[in-house]
file data_31.tsv (TSV, C-alpha atoms and all ligand atoms)
chain	number	residue	atom	x	y	z
W	72	MET	CA	80.18	112.38	106.77
W	73	SER	CA	77.04	111.31	104.96
W	74	GLY	CA	76.26	108.23	102.91
W	75	MET	CA	77.57	104.67	103.17
W	76	TRP	CA	81.18	103.88	103.90
W	77	PHE	CA	83.25	100.76	103.40
W	78	THR	CA	85.92	100.42	106.07
W	79	GLU	CA	88.89	98.09	105.93
W	80	GLU	CA	90.65	97.34	109.18
W	81	GLN	CA	94.20	97.35	107.86
W	82	THR	CA	95.94	96.86	111.19
W	83	ALA	CA	94.58	96.85	114.73
W	84	ASN	CA	95.24	100.61	114.74
W	85	ILE	CA	94.51	101.82	111.21
W	86	ARG	CA	91.33	101.89	109.15
W	87	PHE	CA	90.90	102.82	105.50
W	88	GLY	CA	87.52	104.13	104.35
W	89	CYS	CA	85.84	104.71	101.01
W	90	ARG	CA	82.48	106.32	100.41
W	91	ILE	CA	80.30	103.87	98.50
W	92	ASN	CA	76.99	104.33	96.76
W	93	ASN	CA	76.07	100.68	96.23
W	94	ILE	CA	76.71	97.14	97.41
W	95	LEU	CA	76.45	95.22	94.15
W	96	HIS	CA	77.09	91.73	95.50
W	97	SER	CA	77.64	89.96	98.79
W	98	GLU	CA	77.95	86.23	99.48
W	99	LYS	CA	79.65	83.67	101.66
W	100	THR	CA	81.56	81.27	99.43
W	101	ASP	CA	83.03	77.95	100.60
W	102	PHE	CA	86.27	79.82	101.34
W	103	GLN	CA	85.56	83.44	102.25
W	104	ASP	CA	83.17	86.40	102.31
W	105	LEU	CA	83.03	87.94	98.84
W	106	ALA	CA	81.60	91.38	98.08
W	107	VAL	CA	81.59	93.93	95.27
W	108	VAL	CA	80.93	97.57	96.16
W	109	GLU	CA	80.70	100.72	94.05
W	110	THR	CA	83.04	103.38	95.45
W	111	LEU	CA	82.96	107.03	94.40
W	112	GLN	CA	86.75	107.35	94.22
W	113	TRP	CA	87.96	104.05	92.77
W	114	GLY	CA	85.02	102.62	90.83
W	115	ARG	CA	84.04	99.05	91.62
W	116	MET	CA	85.98	97.32	94.38
W	117	LEU	CA	86.36	93.57	95.00
W	118	LEU	CA	86.48	92.57	98.68
W	119	LEU	CA	87.40	89.23	100.22
W	120	ASP	CA	86.87	88.90	103.97
W	121	ASN	CA	86.41	92.68	104.00
W	122	LEU	CA	89.88	93.34	102.54
W	123	VAL	CA	90.45	95.18	99.23
W	124	MET	CA	91.57	92.82	96.45
W	125	THR	CA	91.28	95.14	93.48
W	126	THR	CA	89.50	98.21	92.15
W	127	ASP	CA	88.60	99.37	88.65
W	128	LYS	CA	90.81	102.44	88.77
W	129	ASP	CA	94.08	101.32	90.39
W	130	GLU	CA	94.16	97.63	89.42
W	131	PHE	CA	96.61	98.37	86.61
W	132	VAL	CA	99.49	99.04	88.99
W	133	TYR	CA	99.33	95.70	90.79
W	134	HIS	CA	98.50	93.57	87.75
W	135	GLU	CA	101.19	95.07	85.53
W	136	MET	CA	103.84	94.98	88.22
W	137	ILE	CA	103.21	91.42	89.42
W	138	SER	CA	103.47	90.13	85.85
W	139	HIS	CA	105.72	92.14	83.53
W	140	VAL	CA	108.86	92.17	85.68
W	141	ALA	CA	109.18	88.37	85.50
W	142	MET	CA	107.65	88.03	82.04
W	143	ASN	CA	110.09	90.55	80.57
W	144	SER	CA	113.07	89.03	82.43
W	145	HIS	CA	112.51	85.59	80.91
W	146	PRO	CA	113.69	85.34	77.27
W	147	ASN	CA	111.06	82.79	76.26
W	148	PRO	CA	108.06	82.57	78.63
W	149	LYS	CA	105.97	79.95	76.85
W	150	LYS	CA	104.09	78.36	79.73
W	151	VAL	CA	102.93	80.52	82.62
W	152	LEU	CA	100.99	79.76	85.81
W	153	VAL	CA	99.06	82.31	87.88
W	154	ILE	CA	98.10	81.12	91.37
W	155	GLY	CA	95.14	82.99	92.92
W	156	GLY	CA	94.27	86.06	90.87
W	157	GLY	CA	90.69	84.92	90.16
W	158	ASP	CA	89.75	88.43	89.05
W	159	GLY	CA	91.80	87.79	85.89
W	160	GLY	CA	93.92	90.96	85.93
W	161	THR	CA	97.28	89.20	86.16
W	162	ILE	CA	96.56	86.64	83.43
W	163	ARG	CA	95.25	89.46	81.19
W	164	GLU	CA	98.73	91.04	81.45
W	165	VAL	CA	100.48	87.67	80.91
W	166	VAL	CA	98.82	87.10	77.52
W	167	LYS	CA	100.04	90.51	76.30
W	168	HIS	CA	103.37	88.70	75.77
W	169	ALA	CA	103.36	87.18	72.29
W	170	LYS	CA	105.69	84.29	73.27
W	171	VAL	CA	103.12	82.86	75.69
W	172	GLU	CA	101.60	79.63	74.36
W	173	LYS	CA	99.67	78.58	77.47
W	174	ALA	CA	98.65	80.58	80.54
W	175	VAL	CA	97.02	78.64	83.39
W	176	LEU	CA	95.01	80.28	86.17
W	177	CYS	CA	94.73	78.22	89.37
W	178	GLU	CA	92.24	79.91	91.71
W	179	ILE	CA	90.80	78.13	94.75
W	180	ASP	CA	87.46	79.95	94.78
W	181	GLY	CA	85.34	79.64	91.61
W	182	GLN	CA	82.98	82.30	92.95
W	183	VAL	CA	85.74	84.94	92.68
W	184	ILE	CA	86.03	84.10	88.97
W	185	GLU	CA	82.26	84.25	88.44
W	186	ALA	CA	81.81	87.55	90.31
W	187	SER	CA	84.75	89.08	88.42
W	188	LYS	CA	83.33	88.11	85.03
W	189	LYS	CA	80.04	89.72	86.00
W	190	TYR	CA	81.19	92.90	87.76
W	191	PHE	CA	84.71	93.50	86.38
W	192	PRO	CA	84.45	92.65	82.67
W	193	GLU	CA	87.57	94.62	81.74
W	194	ILE	CA	89.76	93.01	84.44
W	195	ALA	CA	88.32	89.54	83.68
W	196	SER	CA	88.42	90.03	79.90
W	197	VAL	CA	90.52	86.93	79.17
W	198	LEU	CA	88.50	84.65	81.49
W	199	THR	CA	85.55	84.38	79.14
W	200	GLY	CA	87.23	82.25	76.49
W	201	HIS	CA	90.79	83.03	75.39
W	202	PRO	CA	92.62	80.48	73.22
W	203	LYS	CA	95.77	80.55	75.41
W	204	VAL	CA	94.08	80.61	78.83
W	205	ASP	CA	93.14	77.52	80.89
W	206	ILE	CA	91.24	77.95	84.15
W	207	LEU	CA	91.58	75.51	87.05
W	208	VAL	CA	89.49	75.87	90.20
W	209	ALA	CA	91.88	74.26	92.69
W	210	ASP	CA	94.24	74.89	95.58
W	211	GLY	CA	97.47	76.39	94.23
W	212	ILE	CA	99.73	74.28	96.46
W	213	LYS	CA	98.11	71.08	95.24
W	214	HIS	CA	98.59	72.09	91.59
W	215	VAL	CA	102.26	73.06	91.95
W	216	LYS	CA	103.01	69.84	93.82
W	217	GLU	CA	101.71	67.88	90.82
W	218	ALA	CA	103.67	69.90	88.23
W	219	LYS	CA	107.32	69.01	87.58
W	220	GLU	CA	109.55	71.32	85.48
W	221	GLU	CA	106.49	72.46	83.60
W	222	TYR	CA	106.37	76.24	83.81
W	223	ASP	CA	108.67	79.05	82.65
W	224	VAL	CA	107.05	81.65	84.92
W	225	ILE	CA	104.85	81.29	88.03
W	226	LEU	CA	103.08	84.35	89.47
W	227	VAL	CA	101.66	84.07	92.99
W	228	ASP	CA	98.75	86.52	93.06
W	229	SER	CA	97.53	85.46	96.48
W	230	SER	CA	95.34	87.02	99.12
W	231	GLU	CA	96.66	87.89	102.59
W	232	PRO	CA	98.38	85.17	104.65
W	233	ILE	CA	95.15	84.34	106.47
W	234	GLY	CA	92.46	81.85	105.41
W	235	PRO	CA	93.08	79.93	102.16
W	236	GLY	CA	96.03	82.17	101.24
W	237	ALA	CA	98.15	81.24	104.30
W	238	VAL	CA	99.64	78.15	102.67
W	239	LEU	CA	100.93	80.30	99.78
W	240	PHE	CA	103.50	81.96	102.06
W	241	THR	CA	105.16	78.76	103.35
W	242	ALA	CA	108.57	77.21	102.54
W	243	GLU	CA	106.76	74.03	101.49
W	244	PHE	CA	104.86	76.01	98.85
W	245	TYR	CA	107.90	77.91	97.47
W	246	GLN	CA	109.81	74.62	97.25
W	247	ALA	CA	106.97	73.12	95.22
W	248	VAL	CA	106.91	76.25	93.02
W	249	SER	CA	110.64	75.81	92.38
W	250	GLU	CA	110.11	72.18	91.37
W	251	ALA	CA	107.19	73.12	89.11
W	252	LEU	CA	109.45	75.57	87.26
W	253	LYS	CA	111.81	74.62	84.44
W	254	PRO	CA	115.57	74.82	85.17
W	255	ASP	CA	115.63	78.50	84.08
W	256	GLY	CA	112.24	79.39	85.59
W	257	ILE	CA	111.31	82.51	87.50
W	258	MET	CA	108.60	83.22	90.08
W	259	VAL	CA	107.10	86.34	91.64
W	260	ALA	CA	104.95	86.49	94.76
W	261	GLN	CA	103.07	89.46	96.15
W	262	THR	CA	104.60	90.02	99.60
W	263	GLU	CA	102.43	92.71	101.21
W	264	SER	CA	103.25	96.13	102.67
W	265	PRO	CA	106.77	97.00	103.84
W	266	PHE	CA	105.21	99.33	106.41
W	267	TYR	CA	102.59	97.03	107.91
W	268	ASN	CA	103.83	93.51	107.16
W	269	GLN	CA	107.47	93.70	108.18
W	270	GLU	CA	107.60	90.32	109.92
W	271	LEU	CA	106.16	88.66	106.84
W	272	ILE	CA	108.87	90.15	104.59
W	273	GLN	CA	111.55	89.32	107.16
W	274	THR	CA	110.54	85.65	107.02
W	275	VAL	CA	109.32	85.17	103.45
W	276	PHE	CA	112.30	86.89	101.78
W	277	PRO	CA	114.96	84.62	103.34
W	278	THR	CA	112.71	81.60	102.79
W	279	ILE	CA	112.52	82.31	99.04
W	280	GLY	CA	116.25	83.14	99.18
W	281	SER	CA	117.04	79.69	100.56
W	282	ILE	CA	115.29	78.06	97.58
W	283	PHE	CA	116.17	80.34	94.61
W	284	PRO	CA	119.73	81.44	93.69
W	285	ILE	CA	118.53	84.94	92.72
W	286	THR	CA	116.04	86.55	95.13
W	287	LYS	CA	115.07	90.23	94.88
W	288	LEU	CA	112.34	92.45	96.21
W	289	TYR	CA	110.77	95.32	94.28
W	290	LEU	CA	108.12	97.92	95.03
W	291	ALA	CA	105.10	99.60	93.47
W	292	SER	CA	102.70	102.28	94.64
W	293	ILE	CA	99.15	100.94	95.05
W	294	PRO	CA	96.80	103.51	96.63
W	295	THR	CA	94.03	101.12	97.76
W	296	TYR	CA	96.35	98.57	99.42
W	297	PRO	CA	97.43	99.07	103.04
W	298	SER	CA	100.00	101.89	103.32
W	299	GLY	CA	99.99	102.43	99.54
W	300	LEU	CA	103.45	100.88	99.14
W	301	TRP	CA	103.49	97.26	98.04
W	302	SER	CA	106.23	94.64	97.75
W	303	PHE	CA	106.80	91.76	95.36
W	304	THR	CA	109.51	89.13	95.71
W	305	VAL	CA	111.18	87.46	92.73
W	306	GLY	CA	112.78	84.03	92.97
W	307	SER	CA	114.77	83.17	89.87
W	308	LYS	CA	116.94	80.23	88.90
W	309	VAL	CA	119.02	81.90	86.16
W	310	TYR	CA	117.81	85.32	84.97
W	311	ASP	CA	118.50	88.37	87.14
W	312	PRO	CA	115.53	90.73	86.60
W	313	GLU	CA	117.55	93.72	87.79
W	314	ALA	CA	120.54	93.13	85.53
W	315	ILE	CA	118.80	93.61	82.19
W	316	GLU	CA	119.37	96.98	80.52
W	317	PRO	CA	116.07	98.88	80.14
W	318	ARG	CA	116.67	99.37	76.42
W	319	GLU	CA	116.75	95.57	76.02
W	320	LEU	CA	113.36	95.12	77.69
W	321	ALA	CA	110.21	94.94	75.57
W	322	GLU	CA	107.91	97.98	75.54
W	323	LEU	CA	104.35	96.88	76.29
W	324	ASP	CA	100.90	98.37	76.21
W	325	THR	CA	100.83	99.45	79.89
W	326	LYS	CA	99.85	102.32	82.20
W	327	TYR	CA	102.40	101.86	85.02
W	328	TYR	CA	105.15	99.47	83.92
W	329	THR	CA	107.94	100.76	81.70
W	330	PRO	CA	111.38	99.23	81.04
W	331	TYR	CA	113.04	102.01	83.10
W	332	LEU	CA	110.56	101.55	85.93
W	333	HIS	CA	111.31	97.79	85.84
W	334	LYS	CA	114.90	98.54	86.79
W	335	ALA	CA	114.05	101.39	89.17
W	336	ALA	CA	111.52	99.28	91.12
W	337	PHE	CA	114.45	97.33	92.59
W	338	ALA	CA	116.01	100.47	94.15
W	339	LEU	CA	114.88	100.06	97.75
W	340	PRO	CA	114.59	102.49	100.65
W	341	GLN	CA	117.08	101.55	103.37
W	342	PHE	CA	114.43	100.25	105.78
W	343	VAL	CA	113.09	97.90	103.11
W	344	ARG	CA	116.60	96.68	102.31
W	345	ASN	CA	117.01	95.98	106.00
W	346	LEU	CA	113.82	93.89	106.02
W	347	THR	CA	115.20	91.72	103.22
W	348	GLU	CA	118.26	91.13	105.38
W	349	GLY	CA	116.02	90.09	108.28
W	350	LYS	CA	116.81	93.33	110.13
W	401	LIG	N1	94.51	90.30	91.54
W	401	LIG	C1	94.47	90.90	92.82
W	401	LIG	C2	93.58	90.14	93.71
W	401	LIG	C3	94.02	89.29	94.65
W	401	LIG	S1	92.93	88.07	95.09
W	401	LIG	C4	93.86	86.67	95.52
W	401	LIG	C5	93.10	85.38	95.18
W	401	LIG	O1	93.86	84.29	95.71
W	401	LIG	C6	91.69	85.25	95.76
W	401	LIG	O2	90.77	85.20	94.71
W	401	LIG	C7	91.72	83.95	96.56
W	401	LIG	O3	90.53	83.20	96.46
W	401	LIG	C8	92.91	83.24	95.93
W	401	LIG	N2	93.53	82.21	96.77
W	401	LIG	C9	93.73	82.24	98.11
W	401	LIG	N3	94.30	81.11	98.53
W	401	LIG	C10	94.50	80.33	97.43
W	401	LIG	C11	95.05	79.04	97.22
W	401	LIG	N4	95.51	78.31	98.25
W	401	LIG	N5	95.11	78.56	95.96
W	401	LIG	C12	94.64	79.29	94.90
W	401	LIG	N6	94.09	80.53	95.05
W	401	LIG	C13	94.02	81.03	96.29
W	401	LIG	C14	95.31	89.52	95.39
W	401	LIG	C15	95.19	90.59	96.41
W	401	LIG	C16	96.50	91.03	96.99
W	401	LIG	C17	96.48	91.59	98.38
W	401	LIG	C18	95.56	92.74	98.60
W	401	LIG	N7	95.75	93.40	99.86
call {"tool": "encode", "arguments": {"input": "data_31.tsv", "output": "structure tokens"}}
result
Amino acid sequence: MSGMWFTEEQTANIRFGCRINNILHSEKTDFQDLAVVETLQWGRMLLLDNLVMTTDKDEFVYHEMISHVAMNSHPNPKKVLVIGGGDGGTIREVVKHAKVEKAVLCEIDGQVIEASKKYFPEIASVLTGHPKVDILVADGIKHVKEAKEEYDVILVDSSEPIGPGAVLFTAEFYQAVSEALKPDGIMVAQTESPFYNQELIQTVFPTIGSIFPITKLYLASIPTYPSGLWSFTVGSKVYDPEAIEPRELAELDTKYYTPYLHKAAFALPQFVRNLTEGK
């Protein structure tokens, strides 16, 4: 195999490789190693601590699926918080919803925002001055602890549960998220691969379930994330995201999400259902 390769160590026993033709950026921020590489298959790829965060060509799956399921399940999502997600993809999807009046991005690492604006202008399109978007460079747990019944929807677009992202998978954090939400609020967190992160799902799902009356897991297919199958967990106080009829859900300008897929994403393989039951 000729040329340069980027290799992600996904587990101790599995590596994922992409041929690259350029390293566009590489720096050590106060929080993590940040790099942008040009892959032949997926376009530009954002890496944090040598793990894939997003790519030009498959980012739509993750960003649409982390946002529209909750956004479309809430009848009036006026104030929305995205924690992490410094590339801007999730908040770009949030502001597609006309009812949104204010969308706040709370990202711990300002360098992720800067690199994304420079190298991923389409993903970061609403980070360069959008009337509804406010950007906070701060730790997500600190911000949710200060907010009381403020948000309709909170989306936890966090990195892996190592480094600065670890705190975003704790009971203390989900409790603070619940308190930062209004009495009919809804949250979604990215909860990793059901193939490679089974222990995480087995703990995080019941933790969210002990805080929110309605807790459900759904799936999406993301080729550049470990195993290609990705999970998201919804915690909701009132609205059941699975109970809404597809014909009642808003059609949006999307490439992956559809109202029928919204419902279908909650149909789980048996082994994933077992994980949600701690089995
Ligand atoms: N939109 C897909 C990209 C991500 S990046 C997740 C972001 O969460 C990173 O920019 C990281 O700096 C930020 N982050 C980590 N910890 C915190 C924190 N405590 N508070 C606020 N932001 C934080 C998600 C990738 C998903 C997994 C890919 N395998």
call {"tool": "closest_residue", "arguments": {"input": "data_31.tsv", "among": "W:His214, W:Arg115, W:Arg344, W:Lys308", "to": "ligand LIG 401 (chain W)", "atoms": "only C-alpha atoms and all ligand atoms"}}
result
W:His214
call {"tool": "residues_near_ligand", "arguments": {"input": "data_31.tsv", "ligand": "ligand LIG 401 (chain W)", "cutoff": "8 Å", "atoms": "all atoms listed in the file", "output": "PyMOL selection string"}}
result
chain W and resi 102-103+119+122-125+130+133-134+154-161+177-181+183-184+208-212+228-231+234-239+261+263+296-297
call {"tool": "closest_residue", "arguments": {"input": "data_31.tsv", "among": "W:Thr347, W:Ser298, W:Ser264, W:Gln341", "to": "W:Phe276", "atoms": "all atoms listed in the file"}}
result
W:Thr347
call {"tool": "residues_around", "arguments": {"input": "data_31.tsv", "residues": "stretch 240-248 of chain W", "least_positions_apart": "2", "cutoff": "7 Å", "atoms": "all atoms listed in the file", "output": "PyMOL selection string"}}
result
chain W and resi 212+215-216+232+237-238+250-252+275+278-279+282
call {"tool": "closest_residue", "arguments": {"input": "data_31.tsv", "among": "W:Thr126, W:Asn84, W:Asn121, W:Asn147", "to": "W:Lys99", "atoms": "all atoms listed in the file"}}
result
W:Asn121
call {"tool": "closest_residue", "arguments": {"input": "data_31.tsv", "among": "W:Leu271, W:Val166, W:Ala291, W:Ala141", "to": "W:Val224", "atoms": "only C-alpha atoms"}}
result
W:Ala141
call {"tool": "closest_residue", "arguments": {"input": "data_31.tsv", "among": "W:Gly74, W:Pro284, W:Pro146, W:Pro265", "to": "W:Val309", "atoms": "all atoms listed in the file"}}
result
W:Pro284
call {"tool": "closest_residue", "arguments": {"input": "data_31.tsv", "among": "W:Lys326, W:Lys213, W:His168, W:Lys128", "to": "W:Ser144", "atoms": "all atoms listed in the file"}}
result
W:His168
call {"tool": "residues_around", "arguments": {"input": "data_31.tsv", "residues": "W:Tyr328", "least_positions_apart": "4", "cutoff": "9 Å", "atoms": "only C-alpha atoms", "output": "MDAnalysis selection string"}}
result
chainID W and resid 132 135:136 139:140 322:324 332:333
call {"tool": "axis_aligned_box", "arguments": {"input": "data_31.tsv", "around": "stretch 220-237 of chain W", "padding_each_side": "3 Å", "output": "lines of an AutoDock Vina configuration file"}}
result
center_x = 101.0
center_y = 79.6
center_z = 94.6
size_x = 23.1
size_y = 22.6
size_z = 29.8
call {"tool": "atom_distance", "arguments": {"input": "data_31.tsv", "atom1": "atom CA of W:Glu220", "atom2": "atom CA of W:Lys150"}}
result
10.6 Å
call {"tool": "decode", "arguments": {"input": "data_31.tsv", "residues": "stretch 229-257 of chain W", "atoms": "N, CA, C and O atoms", "output": "PDB file, in the first residue's frame"}}
result
ATOM      1  N   SER W 229     -20.750  15.002  22.272  1.00  0.00           N
ATOM      2  CA  SER W 229     -19.483  14.941  22.996  1.00  0.00           C
ATOM      3  C   SER W 229     -18.497  14.006  22.322  1.00  0.00           C
ATOM      4  O   SER W 229     -18.878  13.129  21.550  1.00  0.00           O
ATOM      5  N   SER W 230     -17.219  14.182  22.672  1.00  0.00           N
ATOM      6  CA  SER W 230     -16.216  13.231  22.218  1.00  0.00           C
ATOM      7  C   SER W 230     -16.267  11.987  23.107  1.00  0.00           C
ATOM      8  O   SER W 230     -17.134  11.860  23.974  1.00  0.00           O
ATOM      9  N   GLU W 231     -15.351  11.059  22.881  1.00  0.00           N
ATOM     10  CA  GLU W 231     -15.365   9.785  23.608  1.00  0.00           C
ATOM     11  C   GLU W 231     -15.220  10.028  25.122  1.00  0.00           C
ATOM     12  O   GLU W 231     -14.737  11.079  25.542  1.00  0.00           O
ATOM     13  N   PRO W 232     -15.619   9.035  25.921  1.00  0.00           N
ATOM     14  CA  PRO W 232     -15.544   9.210  27.383  1.00  0.00           C
ATOM     15  C   PRO W 232     -14.121   9.100  27.935  1.00  0.00           C
ATOM     16  O   PRO W 232     -13.857   8.405  28.906  1.00  0.00           O
ATOM     17  N   ILE W 233     -13.199   9.792  27.275  1.00  0.00           N
ATOM     18  CA  ILE W 233     -11.831   9.913  27.787  1.00  0.00           C
ATOM     19  C   ILE W 233     -11.472  11.392  27.681  1.00  0.00           C
ATOM     20  O   ILE W 233     -12.080  12.105  26.890  1.00  0.00           O
ATOM     21  N   GLY W 234     -10.528  11.876  28.438  1.00  0.00           N
ATOM     22  CA  GLY W 234     -10.159  13.296  28.373  1.00  0.00           C
ATOM     23  C   GLY W 234     -11.317  14.184  28.805  1.00  0.00           C
ATOM     24  O   GLY W 234     -12.121  13.795  29.665  1.00  0.00           O
ATOM     25  N   PRO W 235     -11.462  15.374  28.148  1.00  0.00           N
ATOM     26  CA  PRO W 235     -12.467  16.341  28.613  1.00  0.00           C
ATOM     27  C   PRO W 235     -13.907  15.843  28.467  1.00  0.00           C
ATOM     28  O   PRO W 235     -14.821  16.358  29.109  1.00  0.00           O
ATOM     29  N   GLY W 236     -14.110  14.827  27.616  1.00  0.00           N
ATOM     30  CA  GLY W 236     -15.467  14.329  27.388  1.00  0.00           C
ATOM     31  C   GLY W 236     -15.963  13.383  28.480  1.00  0.00           C
ATOM     32  O   GLY W 236     -17.168  13.109  28.577  1.00  0.00           O
ATOM     33  N   ALA W 237     -15.071  12.878  29.342  1.00  0.00           N
ATOM     34  CA  ALA W 237     -15.461  11.848  30.322  1.00  0.00           C
ATOM     35  C   ALA W 237     -16.602  12.305  31.225  1.00  0.00           C
ATOM     36  O   ALA W 237     -17.548  11.558  31.496  1.00  0.00           O
ATOM     37  N   VAL W 238     -16.548  13.565  31.639  1.00  0.00           N
ATOM     38  CA  VAL W 238     -17.539  14.100  32.571  1.00  0.00           C
ATOM     39  C   VAL W 238     -18.944  14.104  31.953  1.00  0.00           C
ATOM     40  O   VAL W 238     -19.958  14.045  32.655  1.00  0.00           O
ATOM     41  N   LEU W 239     -18.993  14.133  30.606  1.00  0.00           N
ATOM     42  CA  LEU W 239     -20.285  14.212  29.916  1.00  0.00           C
ATOM     43  C   LEU W 239     -21.014  12.869  29.843  1.00  0.00           C
ATOM     44  O   LEU W 239     -22.056  12.753  29.207  1.00  0.00           O
ATOM     45  N   PHE W 240     -20.481  11.855  30.496  1.00  0.00           N
ATOM     46  CA  PHE W 240     -21.155  10.545  30.540  1.00  0.00           C
ATOM     47  C   PHE W 240     -21.520  10.160  31.979  1.00  0.00           C
ATOM     48  O   PHE W 240     -21.841   9.019  32.253  1.00  0.00           O
ATOM     49  N   THR W 241     -21.474  11.131  32.904  1.00  0.00           N
ATOM     50  CA  THR W 241     -21.719  10.812  34.318  1.00  0.00           C
ATOM     51  C   THR W 241     -23.153  11.137  34.745  1.00  0.00           C
ATOM     52  O   THR W 241     -23.811  12.001  34.150  1.00  0.00           O
ATOM     53  N   ALA W 242     -23.604  10.483  35.829  1.00  0.00           N
ATOM     54  CA  ALA W 242     -24.943  10.740  36.377  1.00  0.00           C
ATOM     55  C   ALA W 242     -25.062  12.202  36.808  1.00  0.00           C
ATOM     56  O   ALA W 242     -26.102  12.835  36.616  1.00  0.00           O
ATOM     57  N   GLU W 243     -23.984  12.725  37.381  1.00  0.00           N
ATOM     58  CA  GLU W 243     -23.980  14.122  37.834  1.00  0.00           C
ATOM     59  C   GLU W 243     -24.299  15.070  36.664  1.00  0.00           C
ATOM     60  O   GLU W 243     -25.076  16.014  36.792  1.00  0.00           O
ATOM     61  N   PHE W 244     -23.717  14.762  35.506  1.00  0.00           N
ATOM     62  CA  PHE W 244     -23.953  15.594  34.319  1.00  0.00           C
ATOM     63  C   PHE W 244     -25.399  15.461  33.834  1.00  0.00           C
ATOM     64  O   PHE W 244     -26.085  16.463  33.598  1.00  0.00           O
ATOM     65  N   TYR W 245     -25.904  14.231  33.699  1.00  0.00           N
ATOM     66  CA  TYR W 245     -27.277  14.053  33.185  1.00  0.00           C
ATOM     67  C   TYR W 245     -28.298  14.680  34.136  1.00  0.00           C
ATOM     68  O   TYR W 245     -29.321  15.205  33.705  1.00  0.00           O
ATOM     69  N   GLN W 246     -28.013  14.637  35.445  1.00  0.00           N
ATOM     70  CA  GLN W 246     -28.899  15.275  36.416  1.00  0.00           C
ATOM     71  C   GLN W 246     -28.927  16.790  36.183  1.00  0.00           C
ATOM     72  O   GLN W 246     -29.991  17.409  36.171  1.00  0.00           O
ATOM     73  N   ALA W 247     -27.748  17.350  35.948  1.00  0.00           N
ATOM     74  CA  ALA W 247     -27.673  18.799  35.689  1.00  0.00           C
ATOM     75  C   ALA W 247     -28.368  19.148  34.370  1.00  0.00           C
ATOM     76  O   ALA W 247     -29.020  20.189  34.260  1.00  0.00           O
ATOM     77  N   VAL W 248     -28.258  18.264  33.374  1.00  0.00           N
ATOM     78  CA  VAL W 248     -28.950  18.481  32.091  1.00  0.00           C
ATOM     79  C   VAL W 248     -30.456  18.513  32.341  1.00  0.00           C
ATOM     80  O   VAL W 248     -31.176  19.392  31.847  1.00  0.00           O
ATOM     81  N   SER W 249     -30.941  17.560  33.153  1.00  0.00           N
ATOM     82  CA  SER W 249     -32.370  17.494  33.440  1.00  0.00           C
ATOM     83  C   SER W 249     -32.840  18.793  34.104  1.00  0.00           C
ATOM     84  O   SER W 249     -33.890  19.343  33.755  1.00  0.00           O
ATOM     85  N   GLU W 250     -32.037  19.307  35.034  1.00  0.00           N
ATOM     86  CA  GLU W 250     -32.423  20.540  35.723  1.00  0.00           C
ATOM     87  C   GLU W 250     -32.311  21.771  34.822  1.00  0.00           C
ATOM     88  O   GLU W 250     -33.007  22.760  35.026  1.00  0.00           O
ATOM     89  N   ALA W 251     -31.453  21.701  33.818  1.00  0.00           N
ATOM     90  CA  ALA W 251     -31.313  22.830  32.882  1.00  0.00           C
ATOM     91  C   ALA W 251     -32.449  22.850  31.857  1.00  0.00           C
ATOM     92  O   ALA W 251     -32.649  23.832  31.149  1.00  0.00           O
ATOM     93  N   LEU W 252     -33.176  21.719  31.759  1.00  0.00           N
ATOM     94  CA  LEU W 252     -34.291  21.630  30.805  1.00  0.00           C
ATOM     95  C   LEU W 252     -35.584  22.132  31.441  1.00  0.00           C
ATOM     96  O   LEU W 252     -35.803  21.990  32.645  1.00  0.00           O
ATOM     97  N   LYS W 253     -36.468  22.653  30.607  1.00  0.00           N
ATOM     98  CA  LYS W 253     -37.802  23.037  31.069  1.00  0.00           C
ATOM     99  C   LYS W 253     -38.593  21.770  31.444  1.00  0.00           C
ATOM    100  O   LYS W 253     -38.169  20.655  31.107  1.00  0.00           O
ATOM    101  N   PRO W 254     -39.759  21.926  32.094  1.00  0.00           N
ATOM    102  CA  PRO W 254     -40.498  20.738  32.558  1.00  0.00           C
ATOM    103  C   PRO W 254     -40.934  19.781  31.435  1.00  0.00           C
ATOM    104  O   PRO W 254     -41.261  18.619  31.709  1.00  0.00           O
ATOM    105  N   ASP W 255     -40.932  20.229  30.182  1.00  0.00           N
ATOM    106  CA  ASP W 255     -41.246  19.301  29.080  1.00  0.00           C
ATOM    107  C   ASP W 255     -40.028  19.135  28.145  1.00  0.00           C
ATOM    108  O   ASP W 255     -40.181  18.839  26.963  1.00  0.00           O
ATOM    109  N   GLY W 256     -38.845  19.306  28.717  1.00  0.00           N
ATOM    110  CA  GLY W 256     -37.623  19.274  27.890  1.00  0.00           C
ATOM    111  C   GLY W 256     -37.218  17.872  27.461  1.00  0.00           C
ATOM    112  O   GLY W 256     -37.683  16.856  27.992  1.00  0.00           O
ATOM    113  N   ILE W 257     -36.318  17.853  26.491  1.00  0.00           N
ATOM    114  CA  ILE W 257     -35.845  16.573  25.942  1.00  0.00           C
ATOM    115  C   ILE W 257     -34.348  16.686  25.637  1.00  0.00           C
ATOM    116  O   ILE W 257     -33.885  17.730  25.183  1.00  0.00           O
TER     117      ILE W 257
END
